[in-house]
Amino acid sequence: MKKIRYRSSLIFFAVLLLSLSNLNAQKKQSPFVVNLSEDGSQYIKFGMNLQVWGRYSELNPGSKIGTDEVNQTYDIVIRRLRLQAMGMLTENIFFHLQLGQNNINFQQNSGPSNAPLSIMDALGEYHFNDKLHIGGGLTAWGAGTTRYSANSSSSHLTLDTPMYQQFINTSSTFGNRNLSIYAKGDLGKFNYRAAITNPYKNSVNNLGINSTLSTETPRAQYSGILTYSFFEKESLEDPYHKGTYLGTKKVFNLALGYMTQAKAMWHLTADDKIAHDDMSVLGFDVFYDSPINDKGAAITAYASYNNNNYGRNYIQSVSTPNPAVGDNGLINGSGAGFIGVGTGNIYYGQFGYLFAKSSNAAKKGRFQPYVAAQVAALEALDTPMTMYEIGANYYTTGTFGPKFSLNYQNRAIYDNPLIGKYKQSDRFGTVVLQCQVSF
């Protein structure tokens, strides 16, 4: 049955794209955009993104592949697959449908045929005016507090988005989408997004002296982000922020976000009674992307700060996708995980430089080296966790679409002492070569 749904989804999109391509070829316009009105204000557009990784990882202590404990591994990963359609059906009605799959690798022993395309976005909106859009469904409009809580996967500056910004939302599953009702819009130089979310229920009970996610029926989650744009404004068509504009826009944004959920966490008191903790997260970030000369060179810069309160000593491992398994007691998580989220403060930054276009018209490819780093100063850690990355993108056509990326990541590893805070014990690395195809 799963195979039938998987193949049916692919066939549906293939037939639809083919028929629309034939229709638009007669109109001499993009085969991936269908205008429903003469002025193009009503439309349907289609997109696809595929990211394939070849990866080498030094594994955390205690990691296993099968029943064997190993310290390194190679794997091939389909990091993301996306098929989407969106558009304005009338002057006021917008829809967005996206199917996809994440993290298909050899750990899925049943194979990708049993990992069918899943619904990732399914929403409808009513546009009263530019200042107010109201919508609801399965969406990332209420995903978190900072820019890459909802990321445009086809336009990353670094190999992958800073995943800790999505792991910050403890109730999210499958790509940080939630069942939400939301409002968004433009208010002069400001734009806003605010959402009320029905969180997913946690089914894993790890109740102990340190705060963990409660398995009780979750209460409503509230979130929002307010952004001020100094220069060009970014689109509010979908919730996903671009990682780089490749010099096609001049953007300088400051944003402030929040997220809260009452009694989302719990822990045991000294007399073995259950006490609850509210989850509250504040976020602040700045994003700058701009051409720096008339030859196409451009810079992209981003910095963020999160203050997180999940209760006493809460920590969470960040590992996406995981190349190995392990016992639940592994502090860093299994595989290539690191302690990237928890109660405390998190700082992150990235910087990229896009080389100018070649004077030789036949050479369309362009390079974009980058660096990034995360510092997590968490209550449970003796010293802040640091993770850094260095890499480069090669855009084969000089713009968005097919690209290759090479990335090296180095992360801190911690031991669990008998008493006291976790102490850093080592550092491990991961190397990834990515091929991305998108339109």
# chains A, B, ... in the order shown; residues from 1 in each chain; ligands from 1

call {"tool": "residues_around", "arguments": {"residues": "region 271-282 of chain A", "least_positions_apart": "2", "cutoff": "10 Å", "atoms": "only C-alpha atoms", "output": "PyMOL selection string"}}
result
chain A and resi 144-146+168-170+207-209+211-214+221-225+256-269+284+305-312+343-345

call {"tool": "write_last_selection", "arguments": {"atoms": "C-alpha atoms", "output": "PDB file, in the first residue's frame"}}
result
ATOM      1  CA  GLY A 144      10.245  28.944  15.955  1.00  0.00           C
ATOM      2  CA  THR A 145      11.961  32.173  16.920  1.00  0.00           C
ATOM      3  CA  THR A 146      14.738  32.813  14.413  1.00  0.00           C
ATOM      4  CA  ILE A 168      14.625  24.335  19.644  1.00  0.00           C
ATOM      5  CA  ASN A 169      10.938  23.572  19.050  1.00  0.00           C
ATOM      6  CA  THR A 170      10.696  20.383  21.106  1.00  0.00           C
ATOM      7  CA  LEU A 207      11.067  11.433  33.390  1.00  0.00           C
ATOM      8  CA  GLY A 208      13.955  12.051  35.821  1.00  0.00           C
ATOM      9  CA  ILE A 209      15.596  14.705  38.003  1.00  0.00           C
ATOM     10  CA  SER A 211      13.838  18.409  32.771  1.00  0.00           C
ATOM     11  CA  THR A 212      12.536  16.411  29.793  1.00  0.00           C
ATOM     12  CA  LEU A 213       9.605  16.678  27.401  1.00  0.00           C
ATOM     13  CA  SER A 214       6.315  15.721  29.055  1.00  0.00           C
ATOM     14  CA  GLN A 221       2.057  26.707  21.699  1.00  0.00           C
ATOM     15  CA  TYR A 222       2.399  30.403  20.814  1.00  0.00           C
ATOM     16  CA  SER A 223       5.115  31.849  18.587  1.00  0.00           C
ATOM     17  CA  GLY A 224       5.941  34.875  16.496  1.00  0.00           C
ATOM     18  CA  ILE A 225       8.691  36.828  14.733  1.00  0.00           C
ATOM     19  CA  LEU A 256      13.003  39.414  17.241  1.00  0.00           C
ATOM     20  CA  GLY A 257      11.102  36.198  17.966  1.00  0.00           C
ATOM     21  CA  TYR A 258       9.466  34.297  20.803  1.00  0.00           C
ATOM     22  CA  MET A 259       7.946  30.882  21.484  1.00  0.00           C
ATOM     23  CA  THR A 260       6.196  29.595  24.597  1.00  0.00           C
ATOM     24  CA  GLN A 261       4.244  26.547  25.742  1.00  0.00           C
ATOM     25  CA  ALA A 262       2.858  26.050  29.239  1.00  0.00           C
ATOM     26  CA  LYS A 263       3.856  22.866  31.103  1.00  0.00           C
ATOM     27  CA  ALA A 264       5.646  21.457  28.072  1.00  0.00           C
ATOM     28  CA  MET A 265       8.394  19.964  30.273  1.00  0.00           C
ATOM     29  CA  TRP A 266       8.538  18.017  33.529  1.00  0.00           C
ATOM     30  CA  HIS A 267      10.972  16.625  36.108  1.00  0.00           C
ATOM     31  CA  LEU A 268      11.021  14.778  39.436  1.00  0.00           C
ATOM     32  CA  THR A 269      11.489  16.722  42.657  1.00  0.00           C
ATOM     33  CA  PHE A 284      17.234  37.720  18.002  1.00  0.00           C
ATOM     34  CA  TYR A 305      21.154  34.642  19.664  1.00  0.00           C
ATOM     35  CA  ASN A 306      18.687  32.411  21.513  1.00  0.00           C
ATOM     36  CA  ASN A 307      17.837  32.377  25.204  1.00  0.00           C
ATOM     37  CA  ASN A 308      16.189  29.039  26.022  1.00  0.00           C
ATOM     38  CA  ASN A 309      14.362  27.922  29.136  1.00  0.00           C
ATOM     39  CA  TYR A 310      13.196  24.299  29.215  1.00  0.00           C
ATOM     40  CA  GLY A 311      13.741  23.679  32.915  1.00  0.00           C
ATOM     41  CA  ARG A 312      16.629  22.203  34.869  1.00  0.00           C
ATOM     42  CA  THR A 343      18.480  25.399  28.763  1.00  0.00           C
ATOM     43  CA  GLY A 344      20.876  28.313  28.384  1.00  0.00           C
ATOM     44  CA  ASN A 345      22.151  30.612  25.636  1.00  0.00           C
TER      45      ASN A 345
END

call {"tool": "select_by_dssp", "arguments": {"residues": "region 199-394 of chain A", "states": "strand (DSSP E or B)", "output": "ChimeraX atom specification"}}
result
/A:212-213,221-229,241,251-268,274-291,298-309,315-318,325,338-342,344-354,366-378,381,385-394

call {"tool": "residues_around", "arguments": {"residues": "Leu381 (chain A)", "least_positions_apart": "4", "cutoff": "8 Å", "atoms": "only C-alpha atoms", "output": "ChimeraX atom specification"}}
result
/A:377,385,421-423

call {"tool": "write_last_selection", "arguments": {"atoms": "C-alpha atoms", "output": "CSV table (one decimal), in the first residue's frame"}}
result
chain,number,residue,atom,x,y,z
A,377,ALA,CA,26.5,27.9,26.6
A,385,MET,CA,29.8,23.4,23.3
A,421,LYS,CA,28.2,19.0,34.8
A,422,TYR,CA,29.1,17.3,31.6
A,423,LYS,CA,32.7,17.9,30.6

call {"tool": "closest_residue", "arguments": {"among": "A:Thr215, A:Thr197, A:Asn393, A:Thr90", "to": "Gly40 (chain A)", "atoms": "only C-alpha atoms"}}
result
A:Thr90

call {"tool": "residues_around", "arguments": {"residues": "region 46-49 of chain A", "least_positions_apart": "4", "cutoff": "7 Å", "atoms": "only C-alpha atoms", "output": "list in words"}}
result
Phe32, Val33, Leu81, Arg82, Leu83, Gln84, Ala85, Met86, Ser154, Val437, Ser438 and Phe439 of chain A

call {"tool": "write_last_selection", "arguments": {"atoms": "all heavy atoms", "output": "short mmCIF file (atom, residue, chain, number, x, y, z; two decimals), in the first residue's frame"}}
result
data_model
loop_
_atom_site.label_atom_id
_atom_site.label_comp_id
_atom_site.auth_asym_id
_atom_site.auth_seq_id
_atom_site.Cartn_x
_atom_site.Cartn_y
_atom_site.Cartn_z
N PHE A 32 7.24 26.02 -15.38
CA PHE A 32 6.93 25.71 -13.99
C PHE A 32 6.00 26.74 -13.36
O PHE A 32 5.74 26.68 -12.16
CB PHE A 32 8.22 25.60 -13.19
CG PHE A 32 9.21 24.66 -13.81
CD1 PHE A 32 10.46 25.09 -14.18
CD2 PHE A 32 8.86 23.34 -14.05
CE1 PHE A 32 11.36 24.22 -14.77
CE2 PHE A 32 9.75 22.46 -14.63
CZ PHE A 32 11.01 22.90 -15.00
N VAL A 33 5.52 27.71 -14.13
CA VAL A 33 4.56 28.70 -13.65
C VAL A 33 3.39 28.77 -14.63
O VAL A 33 3.59 28.90 -15.84
CB VAL A 33 5.20 30.10 -13.52
CG1 VAL A 33 4.15 31.11 -13.04
CG2 VAL A 33 6.38 30.07 -12.57
N LEU A 81 14.14 15.49 -0.31
CA LEU A 81 13.43 15.42 -1.59
C LEU A 81 12.14 16.22 -1.42
O LEU A 81 11.39 16.00 -0.47
CB LEU A 81 13.10 13.98 -1.97
CG LEU A 81 12.20 13.80 -3.19
CD1 LEU A 81 12.87 14.38 -4.45
CD2 LEU A 81 11.84 12.34 -3.39
N ARG A 82 11.91 17.19 -2.31
CA ARG A 82 10.74 18.04 -2.22
C ARG A 82 10.05 18.15 -3.58
O ARG A 82 10.71 18.33 -4.61
CB ARG A 82 11.12 19.46 -1.78
CG ARG A 82 11.85 19.55 -0.45
CD ARG A 82 10.89 19.33 0.70
NE ARG A 82 11.54 19.61 1.97
CZ ARG A 82 12.18 18.70 2.69
NH1 ARG A 82 12.25 17.44 2.27
NH2 ARG A 82 12.73 19.04 3.85
N LEU A 83 8.74 18.06 -3.57
CA LEU A 83 7.89 18.35 -4.72
C LEU A 83 6.78 19.27 -4.22
O LEU A 83 6.08 18.93 -3.25
CB LEU A 83 7.27 17.07 -5.30
CG LEU A 83 8.24 16.05 -5.90
CD1 LEU A 83 7.49 14.76 -6.22
CD2 LEU A 83 8.91 16.61 -7.14
N GLN A 84 6.62 20.44 -4.85
CA GLN A 84 5.65 21.37 -4.31
C GLN A 84 4.88 22.11 -5.38
O GLN A 84 5.33 22.24 -6.53
CB GLN A 84 6.33 22.38 -3.39
CG GLN A 84 7.26 23.36 -4.08
CD GLN A 84 7.75 24.43 -3.12
OE1 GLN A 84 7.16 24.69 -2.06
NE2 GLN A 84 8.86 25.07 -3.47
N ALA A 85 3.71 22.58 -4.97
CA ALA A 85 2.86 23.43 -5.80
C ALA A 85 2.26 24.50 -4.89
O ALA A 85 1.89 24.21 -3.75
CB ALA A 85 1.75 22.63 -6.48
N MET A 86 2.20 25.73 -5.39
CA MET A 86 1.61 26.82 -4.62
C MET A 86 1.08 27.88 -5.57
O MET A 86 1.47 27.92 -6.74
CB MET A 86 2.63 27.44 -3.67
CG MET A 86 3.77 28.18 -4.38
SD MET A 86 4.87 29.05 -3.24
CE MET A 86 5.68 27.70 -2.43
N SER A 154 16.64 24.93 -0.77
CA SER A 154 17.38 25.01 -2.03
C SER A 154 18.36 26.16 -2.08
O SER A 154 19.13 26.28 -3.03
CB SER A 154 16.39 25.15 -3.20
OG SER A 154 15.65 26.34 -3.09
N VAL A 437 20.03 19.25 -7.00
CA VAL A 437 19.34 19.54 -8.25
C VAL A 437 17.99 20.12 -7.87
O VAL A 437 17.24 19.52 -7.10
CB VAL A 437 19.15 18.27 -9.10
CG1 VAL A 437 18.42 18.60 -10.40
CG2 VAL A 437 20.49 17.61 -9.39
N SER A 438 17.67 21.29 -8.40
CA SER A 438 16.41 21.93 -8.02
C SER A 438 15.92 22.85 -9.14
O SER A 438 16.67 23.26 -10.02
CB SER A 438 16.59 22.73 -6.73
OG SER A 438 17.52 23.78 -6.93
N PHE A 439 14.62 23.13 -9.10
CA PHE A 439 14.05 24.16 -9.96
C PHE A 439 12.89 24.81 -9.23
O PHE A 439 12.38 24.29 -8.24
CB PHE A 439 13.60 23.58 -11.31
CG PHE A 439 12.52 22.54 -11.22
CD1 PHE A 439 11.17 22.89 -11.06
CD2 PHE A 439 12.82 21.19 -11.31
CE1 PHE A 439 10.16 21.94 -11.00
CE2 PHE A 439 11.82 20.21 -11.26
CZ PHE A 439 10.50 20.59 -11.09
#

call {"tool": "residues_around", "arguments": {"residues": "region 346-361 of chain A", "least_positions_apart": "4", "cutoff": "6 Å", "atoms": "only C-alpha atoms", "output": "JSON, numbers by chain"}}
result
{"A": [295, 296, 297, 298, 299, 300, 301, 302, 303, 304, 305, 306, 367, 368, 369, 370, 371, 372, 373, 374, 375, 376]}

call {"tool": "write_last_selection", "arguments": {"atoms": "C-alpha atoms", "output": "CSV table (one decimal), in the first residue's frame"}}
result
chain,number,residue,atom,x,y,z
A,295,LYS,CA,30.7,42.3,-11.5
A,296,GLY,CA,28.4,40.2,-9.3
A,297,ALA,CA,30.5,39.6,-6.2
A,298,ALA,CA,28.4,39.4,-3.1
A,299,ILE,CA,28.5,38.7,0.6
A,300,THR,CA,26.1,37.0,2.9
A,301,ALA,CA,26.3,37.3,6.7
A,302,TYR,CA,24.1,36.1,9.5
A,303,ALA,CA,24.2,36.1,13.3
A,304,SER,CA,21.7,34.9,15.9
A,305,TYR,CA,21.2,34.6,19.7
A,306,ASN,CA,18.7,32.4,21.5
A,367,PHE,CA,32.2,29.6,-6.2
A,368,GLN,CA,31.0,30.7,-2.8
A,369,PRO,CA,33.2,29.7,0.2
A,370,TYR,CA,31.8,30.1,3.7
A,371,VAL,CA,32.4,29.6,7.4
A,372,ALA,CA,30.0,29.1,10.3
A,373,ALA,CA,30.1,28.4,14.0
A,374,GLN,CA,27.7,27.6,16.9
A,375,VAL,CA,28.4,28.2,20.6
A,376,ALA,CA,26.0,26.6,23.1

call {"tool": "residues_around", "arguments": {"residues": "region 174-185 of chain A", "least_positions_apart": "5", "cutoff": "9 Å", "atoms": "only C-alpha atoms", "output": "PyMOL selection string"}}
result
chain A and resi 101-102+120-121+129-144+149-150+166-167+169+190-200+236

call {"tool": "residues_around", "arguments": {"residues": "Lys242 (chain A)", "least_positions_apart": "2", "cutoff": "7 Å", "atoms": "only C-alpha atoms", "output": "number ranges by chain"}}
result
A: 151-152, 155-156, 240, 244-245

call {"tool": "write_last_selection", "arguments": {"atoms": "N, CA, C and O atoms", "output": "PDB file, in the first residue's frame"}}
result
ATOM      1  N   ASN A 151      13.504  27.258   6.892  1.00  0.00           N
ATOM      2  CA  ASN A 151      14.559  27.542   5.921  1.00  0.00           C
ATOM      3  C   ASN A 151      14.172  27.113   4.515  1.00  0.00           C
ATOM      4  O   ASN A 151      13.481  26.117   4.325  1.00  0.00           O
ATOM      5  N   SER A 152      14.641  27.862   3.529  1.00  0.00           N
ATOM      6  CA  SER A 152      14.500  27.477   2.128  1.00  0.00           C
ATOM      7  C   SER A 152      15.627  26.515   1.788  1.00  0.00           C
ATOM      8  O   SER A 152      16.786  26.913   1.647  1.00  0.00           O
ATOM      9  N   SER A 155      18.375  27.035  -1.048  1.00  0.00           N
ATOM     10  CA  SER A 155      19.228  28.225  -1.099  1.00  0.00           C
ATOM     11  C   SER A 155      20.128  28.360   0.122  1.00  0.00           C
ATOM     12  O   SER A 155      20.506  29.470   0.511  1.00  0.00           O
ATOM     13  N   HIS A 156      20.495  27.233   0.762  1.00  0.00           N
ATOM     14  CA  HIS A 156      21.383  27.296   1.922  1.00  0.00           C
ATOM     15  C   HIS A 156      22.706  27.954   1.564  1.00  0.00           C
ATOM     16  O   HIS A 156      23.260  27.718   0.487  1.00  0.00           O
ATOM     17  N   TYR A 240       9.525  30.100   4.256  1.00  0.00           N
ATOM     18  CA  TYR A 240      10.907  29.627   4.242  1.00  0.00           C
ATOM     19  C   TYR A 240      11.895  30.717   3.829  1.00  0.00           C
ATOM     20  O   TYR A 240      11.862  31.226   2.715  1.00  0.00           O
ATOM     21  N   THR A 244      20.858  32.539   1.069  1.00  0.00           N
ATOM     22  CA  THR A 244      21.657  33.480   0.290  1.00  0.00           C
ATOM     23  C   THR A 244      20.866  33.875  -0.942  1.00  0.00           C
ATOM     24  O   THR A 244      20.092  33.076  -1.487  1.00  0.00           O
ATOM     25  N   TYR A 245      21.059  35.103  -1.382  1.00  0.00           N
ATOM     26  CA  TYR A 245      20.398  35.591  -2.591  1.00  0.00           C
ATOM     27  C   TYR A 245      21.349  35.679  -3.780  1.00  0.00           C
ATOM     28  O   TYR A 245      20.963  36.130  -4.858  1.00  0.00           O
TER      29      TYR A 245
END

call {"tool": "closest_residue", "arguments": {"among": "A:Met88, A:Glu58, A:Ser235, A:Ile413", "to": "Val70 (chain A)", "atoms": "only C-alpha atoms"}}
result
A:Glu58

call {"tool": "decode", "arguments": {"residues": "region 219-254 of chain A", "atoms": "N, CA and C atoms", "output": "mmCIF file, in the first residue's frame"}}
result
data_model
loop_
_atom_site.group_PDB
_atom_site.id
_atom_site.type_symbol
_atom_site.label_atom_id
_atom_site.label_comp_id
_atom_site.auth_asym_id
_atom_site.auth_seq_id
_atom_site.Cartn_x
_atom_site.Cartn_y
_atom_site.Cartn_z
ATOM 1 N N ARG A 219 -0.280 21.425 25.766
ATOM 2 C CA ARG A 219 -1.061 22.646 25.700
ATOM 3 C C ARG A 219 -0.676 23.431 24.440
ATOM 4 N N ALA A 220 -1.455 24.442 24.141
ATOM 5 C CA ALA A 220 -1.215 25.234 22.935
ATOM 6 C C ALA A 220 0.153 25.912 22.994
ATOM 7 N N GLN A 221 0.767 26.043 21.833
ATOM 8 C CA GLN A 221 2.057 26.707 21.699
ATOM 9 C C GLN A 221 1.854 28.028 20.946
ATOM 10 N N TYR A 222 2.528 29.078 21.423
ATOM 11 C CA TYR A 222 2.399 30.403 20.814
ATOM 12 C C TYR A 222 3.778 30.861 20.336
ATOM 13 N N SER A 223 3.829 31.411 19.125
ATOM 14 C CA SER A 223 5.115 31.849 18.587
ATOM 15 C C SER A 223 4.916 33.031 17.653
ATOM 16 N N GLY A 224 6.008 33.754 17.423
ATOM 17 C CA GLY A 224 5.941 34.875 16.496
ATOM 18 C C GLY A 224 7.313 35.469 16.237
ATOM 19 N N ILE A 225 7.457 36.139 15.100
ATOM 20 C CA ILE A 225 8.691 36.828 14.733
ATOM 21 C C ILE A 225 8.321 38.178 14.128
ATOM 22 N N LEU A 226 8.980 39.236 14.584
ATOM 23 C CA LEU A 226 8.817 40.581 14.032
ATOM 24 C C LEU A 226 10.132 40.986 13.390
ATOM 25 N N THR A 227 10.091 41.378 12.115
ATOM 26 C CA THR A 227 11.298 41.676 11.339
ATOM 27 C C THR A 227 11.259 43.103 10.817
ATOM 28 N N TYR A 228 12.387 43.795 10.937
ATOM 29 C CA TYR A 228 12.529 45.146 10.370
ATOM 30 C C TYR A 228 13.516 45.086 9.211
ATOM 31 N N SER A 229 13.114 45.607 8.045
ATOM 32 C CA SER A 229 13.938 45.571 6.832
ATOM 33 C C SER A 229 14.469 46.969 6.527
ATOM 34 N N PHE A 230 15.794 47.111 6.524
ATOM 35 C CA PHE A 230 16.410 48.399 6.207
ATOM 36 C C PHE A 230 16.393 48.673 4.703
ATOM 37 N N PHE A 231 16.554 47.629 3.907
ATOM 38 C CA PHE A 231 16.618 47.798 2.455
ATOM 39 C C PHE A 231 15.449 47.061 1.802
ATOM 40 N N GLU A 232 15.728 46.161 0.876
ATOM 41 C CA GLU A 232 14.653 45.429 0.194
ATOM 42 C C GLU A 232 13.969 44.466 1.157
ATOM 43 N N LYS A 233 12.661 44.311 0.958
ATOM 44 C CA LYS A 233 11.896 43.399 1.796
ATOM 45 C C LYS A 233 11.880 42.000 1.173
ATOM 46 N N GLU A 234 11.798 41.010 2.040
ATOM 47 C CA GLU A 234 11.738 39.626 1.580
ATOM 48 C C GLU A 234 10.284 39.194 1.400
ATOM 49 N N SER A 235 10.102 38.200 0.547
ATOM 50 C CA SER A 235 8.762 37.714 0.234
ATOM 51 C C SER A 235 8.134 36.996 1.430
ATOM 52 N N LEU A 236 6.821 37.175 1.584
ATOM 53 C CA LEU A 236 6.040 36.429 2.570
ATOM 54 C C LEU A 236 5.144 35.398 1.892
ATOM 55 N N GLU A 237 5.497 35.014 0.680
ATOM 56 C CA GLU A 237 4.684 34.029 -0.037
ATOM 57 C C GLU A 237 4.650 32.704 0.702
ATOM 58 N N ASP A 238 5.829 32.233 1.119
ATOM 59 C CA ASP A 238 5.900 31.017 1.924
ATOM 60 C C ASP A 238 6.755 31.316 3.150
ATOM 61 N N PRO A 239 6.775 30.434 4.157
ATOM 62 C CA PRO A 239 7.473 30.751 5.410
ATOM 63 C C PRO A 239 8.977 30.566 5.368
ATOM 64 N N TYR A 240 9.525 30.100 4.256
ATOM 65 C CA TYR A 240 10.907 29.627 4.242
ATOM 66 C C TYR A 240 11.895 30.717 3.829
ATOM 67 N N HIS A 241 12.800 31.044 4.759
ATOM 68 C CA HIS A 241 13.791 32.093 4.534
ATOM 69 C C HIS A 241 14.960 31.582 3.687
ATOM 70 N N LYS A 242 15.394 32.404 2.754
ATOM 71 C CA LYS A 242 16.550 32.054 1.935
ATOM 72 C C LYS A 242 17.836 32.194 2.741
ATOM 73 N N GLY A 243 18.794 31.318 2.430
ATOM 74 C CA GLY A 243 20.095 31.380 3.074
ATOM 75 C C GLY A 243 21.039 32.341 2.378
ATOM 76 N N THR A 244 20.858 32.539 1.069
ATOM 77 C CA THR A 244 21.657 33.480 0.290
ATOM 78 C C THR A 244 20.866 33.875 -0.942
ATOM 79 N N TYR A 245 21.059 35.103 -1.382
ATOM 80 C CA TYR A 245 20.398 35.591 -2.591
ATOM 81 C C TYR A 245 21.349 35.679 -3.780
ATOM 82 N N LEU A 246 22.609 35.291 -3.589
ATOM 83 C CA LEU A 246 23.609 35.307 -4.663
ATOM 84 C C LEU A 246 23.700 36.674 -5.317
ATOM 85 N N GLY A 247 23.583 37.712 -4.532
ATOM 86 C CA GLY A 247 23.761 39.065 -5.044
ATOM 87 C C GLY A 247 22.598 39.615 -5.831
ATOM 88 N N THR A 248 21.449 38.942 -5.825
ATOM 89 C CA THR A 248 20.293 39.412 -6.597
ATOM 90 C C THR A 248 19.431 40.402 -5.818
ATOM 91 N N LYS A 249 19.657 40.530 -4.511
ATOM 92 C CA LYS A 249 18.927 41.481 -3.683
ATOM 93 C C LYS A 249 19.884 42.132 -2.691
ATOM 94 N N LYS A 250 19.476 43.273 -2.174
ATOM 95 C CA LYS A 250 20.195 43.902 -1.067
ATOM 96 C C LYS A 250 19.274 43.872 0.135
ATOM 97 N N VAL A 251 19.607 43.005 1.096
ATOM 98 C CA VAL A 251 18.739 42.753 2.241
ATOM 99 C C VAL A 251 19.524 42.970 3.526
ATOM 100 N N PHE A 252 18.938 43.709 4.444
ATOM 101 C CA PHE A 252 19.505 43.885 5.784
ATOM 102 C C PHE A 252 18.348 43.886 6.767
ATOM 103 N N ASN A 253 18.203 42.784 7.531
ATOM 104 C CA ASN A 253 17.059 42.589 8.410
ATOM 105 C C ASN A 253 17.483 42.367 9.847
ATOM 106 N N LEU A 254 16.716 42.946 10.771
ATOM 107 C CA LEU A 254 16.807 42.629 12.190
ATOM 108 C C LEU A 254 15.492 41.977 12.608
#
